[in-house]
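J.: What follows is data-v5.txt, made up of compact mmCIF, C-alpha atoms and all ligand atoms:
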```
# COMPACT_ATOMS: atom_id res chain seq x y z
CA MET A 663 -4.24 -18.27 -8.83
CA SER A 664 -5.93 -15.54 -6.80
CA ASP A 665 -8.48 -13.31 -8.50
CA CYS A 666 -8.10 -10.67 -5.79
CA ILE A 667 -7.96 -7.19 -7.34
CA PHE A 668 -4.46 -6.34 -6.06
CA CYS A 669 -3.11 -9.76 -7.11
CA ARG A 670 -4.47 -9.05 -10.59
CA ILE A 671 -2.94 -5.55 -10.61
CA SER A 672 0.46 -6.92 -9.54
CA ARG A 673 0.30 -9.52 -12.34
CA GLY A 674 -0.48 -6.78 -14.85
CA GLU A 675 -3.92 -8.21 -15.60
CA LEU A 676 -5.63 -5.00 -14.50
CA PRO A 677 -4.36 -1.51 -15.32
CA SER A 678 -2.58 0.59 -12.73
CA LYS A 679 -0.25 3.58 -12.52
CA ARG A 680 2.77 1.50 -11.55
CA ILE A 681 5.75 3.21 -9.97
CA TYR A 682 7.87 0.22 -8.91
CA GLU A 683 8.12 -3.53 -9.33
CA ASP A 684 10.56 -6.25 -8.35
CA GLU A 685 10.25 -10.01 -7.79
CA ASP A 686 8.49 -9.54 -4.43
CA LEU A 687 6.81 -6.12 -4.43
CA PHE A 688 4.64 -3.88 -6.58
CA ALA A 689 3.83 -0.20 -6.04
CA PHE A 690 1.17 1.88 -7.77
CA HIS A 691 -0.80 5.09 -7.35
CA ASP A 692 -4.10 4.93 -5.47
CA ILE A 693 -7.06 5.33 -7.83
CA HIS A 694 -8.71 7.77 -5.37
CA PRO A 695 -5.77 9.80 -4.04
CA LEU A 696 -6.26 11.40 -0.63
CA ALA A 697 -3.22 13.65 -1.04
CA PRO A 698 -1.24 15.09 -3.98
CA VAL A 699 0.91 11.94 -3.82
CA HIS A 700 -0.79 8.72 -2.70
CA PHE A 701 0.56 5.34 -3.66
CA MET A 702 0.53 1.85 -2.23
CA ILE A 703 3.18 -0.81 -1.85
CA ILE A 704 1.97 -4.41 -1.91
CA PRO A 705 3.56 -7.84 -1.81
CA LYS A 706 3.09 -9.92 -4.95
CA GLN A 707 2.33 -12.89 -2.73
CA HIS A 708 -1.26 -12.66 -1.51
CA VAL A 709 -1.80 -12.13 2.20
CA ASP A 710 -5.14 -10.77 3.42
CA SER A 711 -3.83 -8.24 5.92
CA LEU A 712 -1.20 -7.51 8.53
CA ALA A 713 -3.17 -9.69 10.93
CA GLN A 714 -2.42 -12.78 8.82
CA CYS A 715 1.33 -12.15 8.65
CA THR A 716 3.71 -14.58 10.34
CA ASP A 717 7.48 -15.02 10.49
CA GLU A 718 7.21 -16.09 6.85
CA GLN A 719 6.36 -12.49 5.90
CA GLN A 720 9.08 -10.85 8.02
CA ALA A 721 11.50 -10.15 5.18
CA MET A 722 8.74 -8.90 2.89
CA LEU A 723 7.43 -6.50 5.55
CA GLY A 724 10.91 -5.13 6.14
CA LYS A 725 11.43 -4.74 2.42
CA ILE A 726 8.20 -2.75 2.07
CA LEU A 727 9.17 -0.37 4.88
CA LEU A 728 12.62 0.20 3.43
CA LEU A 729 11.17 0.80 -0.01
CA ALA A 730 8.66 3.39 1.23
CA PRO A 731 11.15 6.26 1.83
CA GLN A 732 12.97 5.45 -1.40
CA LEU A 733 9.79 5.71 -3.49
CA ALA A 734 8.58 8.70 -1.46
CA ALA A 735 11.79 10.54 -2.36
CA GLU A 736 11.39 9.58 -6.02
CA GLN A 737 7.84 10.97 -5.90
CA GLY A 738 9.15 14.29 -4.59
CA LEU A 739 8.14 13.95 -0.93
CA ALA A 740 11.23 15.73 0.31
CA THR A 741 9.75 16.97 3.59
CA GLY A 742 8.23 13.68 4.66
CA PHE A 743 5.29 11.38 4.16
CA ARG A 744 2.75 9.26 6.00
CA THR A 745 2.55 5.48 5.90
CA LEU A 746 -0.76 3.82 6.71
CA ILE A 747 -1.84 0.19 7.01
CA ASN A 748 -5.54 -0.47 7.53
CA THR A 749 -6.14 -3.87 9.07
CA GLY A 750 -9.48 -5.66 9.16
CA SER A 751 -12.98 -4.23 9.34
CA GLY A 752 -12.15 -2.48 12.61
CA GLY A 753 -9.23 -0.76 10.89
CA GLY A 754 -11.27 0.35 7.89
CA GLN A 755 -9.64 -2.05 5.44
CA GLU A 756 -11.52 -2.27 2.15
CA VAL A 757 -9.21 -4.34 -0.04
CA TYR A 758 -8.12 -7.60 1.57
CA HIS A 759 -4.65 -7.82 0.11
CA LEU A 760 -2.03 -6.31 2.43
CA HIS A 761 -1.01 -2.83 1.29
CA VAL A 762 0.95 0.03 2.78
CA HIS A 763 -0.36 3.45 1.81
CA VAL A 764 2.20 6.24 1.34
CA LEU A 765 0.79 9.77 1.32
CA GLY A 766 2.27 13.24 1.09
CA GLY A 767 2.74 16.36 -0.97
CA GLN A 768 0.81 18.63 1.38
CA PRO A 769 1.02 19.19 5.12
CA LEU A 770 -0.90 16.29 6.67
CA PRO A 771 -2.94 16.73 9.83
CA ALA A 772 -1.73 15.21 13.07
CA VAL A 773 -3.01 11.68 13.60
CA LYS A 774 -5.12 12.80 16.56
CA SER A 775 -7.25 14.90 14.24
CA LEU A 776 -8.05 12.00 11.89
CA ILE A 777 -10.48 10.22 14.16
CA ASN A 778 -13.90 11.69 14.83
CA LYS A 779 -14.71 10.71 18.36
CA PRO A 780 -18.43 10.21 19.02
P1 LIG A 801 -7.92 0.22 2.32
O1 LIG A 801 -9.08 0.96 2.91
O2 LIG A 801 -6.67 0.42 3.11
O3 LIG A 801 -8.24 -1.21 2.05
O4 LIG A 801 -7.61 0.95 0.97
C1 LIG A 801 -7.85 0.42 -0.30
C2 LIG A 801 -7.40 1.47 -1.28
O5 LIG A 801 -7.33 0.86 -2.55
C3 LIG A 801 -8.32 2.68 -1.40
O6 LIG A 801 -7.58 3.86 -1.09
C4 LIG A 801 -8.76 2.66 -2.85
O7 LIG A 801 -8.86 3.95 -3.42
C5 LIG A 801 -7.65 1.84 -3.51
N1 LIG A 801 -8.03 1.13 -4.72
C6 LIG A 801 -9.09 0.32 -4.90
N2 LIG A 801 -9.10 -0.19 -6.15
C7 LIG A 801 -7.99 0.32 -6.76
C8 LIG A 801 -7.44 0.18 -8.07
N3 LIG A 801 -8.02 -0.59 -9.00
N4 LIG A 801 -6.30 0.85 -8.37
C9 LIG A 801 -5.70 1.64 -7.43
N5 LIG A 801 -6.17 1.79 -6.19
C10 LIG A 801 -7.31 1.16 -5.86
ZN ZN A 802 -4.29 -10.60 -3.53
```
Please go through the file and, once you have read it, give me the structure as structure tokens.
T.:
Amino acid sequence: MSDCIFCRISRGELPSKRIYEDEDLFAFHDIHPLAPVHFMIIPKQHVDSLAQCTDEQQAMLGKILLLAPQLAAEQGLATGFRTLINTGSGGGQEVYHLHVHVLGGQPLPAVKSLINKP
């Protein structure tokens, strides 16, 4: 059994502010929110990142993307939200258990303004 932090959160072994759970997925608020609403959707099955996904994860990935707007609406994000998946060191990933960030609750800057070009 994996001792990865998000595996442990999805098993209820570590505390989290859970907002959703079913047999495949778990969603919880980010501990360091970057917007008024900031939660993550993760698969219960461990996969390091999007780069490790194969056809085997196709249904799970689709399920996450369909769940995102449903949970965003439940969290009050009526005007929209941002989804974000960081992949690998080059993508700024810090926790190596696939997760989809969902952020909103304030006007978010255009993507082009997020990257500081050297
Ligand atoms: P990433 O850079 O995409 O890997 O993002 C990892 C995210 O996990 C960060 O936004 C962290 O704030 C968040 N995080 C780390 N540990 C926890 C935790 N125990 N509970 C909730 N969120 C966490
Ligand atoms: Zn894990």
J.: Name the closest residue to ligand ZN 802 (chain A) among the candidates A:Phe743, A:Phe690, A:Tyr758, A:Tyr682; distances are taken between atoms, counting all atoms listed in the file.
T.: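 Answer, going by the shortest atom-to-atom distance: A:Tyr758.
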J.: Which neighbours of segment 724-738 of chain A fall inside 10 Å, counting only C-alpha atoms, when residues of the same chain fewer than 2 positions from it are skipped, and could you give them as a PyMOL selection string?
T.: chain A and resi 681-682+686-689+699-705+719-722+740-745+761-767
J.: For chain A versus ligand ZN 802 (chain A), which residues have an atom no more than 9 Å away, and what is each residue's nearest atom pair and distance in Å rounded to one decimal, using all atoms listed in the file, chain-then-number order, as a Markdown table?
T.:
```
| residue | atom | partner | partner_atom | distance |
| --- | --- | --- | --- | --- |
| A:Ser664 | CA | A:ZN802 | ZN | 6.1 |
| A:Asp665 | CA | A:ZN802 | ZN | 7.0 |
| A:Cys666 | CA | A:ZN802 | ZN | 4.4 |
| A:Ile667 | CA | A:ZN802 | ZN | 6.3 |
| A:Phe668 | CA | A:ZN802 | ZN | 5.0 |
| A:Cys669 | CA | A:ZN802 | ZN | 3.9 |
| A:Arg670 | CA | A:ZN802 | ZN | 7.2 |
| A:Ile671 | CA | A:ZN802 | ZN | 8.8 |
| A:Ser672 | CA | A:ZN802 | ZN | 8.5 |
| A:Ile704 | CA | A:ZN802 | ZN | 9.0 |
| A:Pro705 | CA | A:ZN802 | ZN | 8.5 |
| A:Lys706 | CA | A:ZN802 | ZN | 7.5 |
| A:Gln707 | CA | A:ZN802 | ZN | 7.1 |
| A:His708 | CA | A:ZN802 | ZN | 4.2 |
| A:Val709 | CA | A:ZN802 | ZN | 6.4 |
| A:Asp710 | CA | A:ZN802 | ZN | 7.0 |
| A:Val757 | CA | A:ZN802 | ZN | 8.7 |
| A:Tyr758 | CA | A:ZN802 | ZN | 7.0 |
| A:His759 | CA | A:ZN802 | ZN | 4.6 |
| A:Leu760 | CA | A:ZN802 | ZN | 7.7 |
```
J.: Box time for ligand LIG 801 (chain A): axis-aligned, enclosing all its listed atoms, 3 Å extra on each side; report centre and edge lengths in Å to one decimal, as lines of an AutoDock Vina configuration file.
T.:
```
center_x = -7.4
center_y = 1.4
center_z = -2.9
size_x = 9.4
size_y = 11.2
size_z = 18.1
```
J.: So the first atom is atom C2 of ligand LIG 801 (chain A) and the second is atom CA of Thr749 of chain A; what is the distance between them in Å, to one decimal place?
T.: 11.7 Å
J.: Would you compute the distance between atom O2 of ligand LIG 801 (chain A) and atom CA of Glu756 of chain A? Give it in Å to one decimal.
T.: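 A separation of 5.6 Å between them.
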J.: Atom CA of Leu696 of chain A and atom CA of Ser678 of chain A are how many Å apart?
T.: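 According to the coordinates, atom CA of Leu696 of chain A and atom CA of Ser678 of chain A are separated by 16.6 Å.
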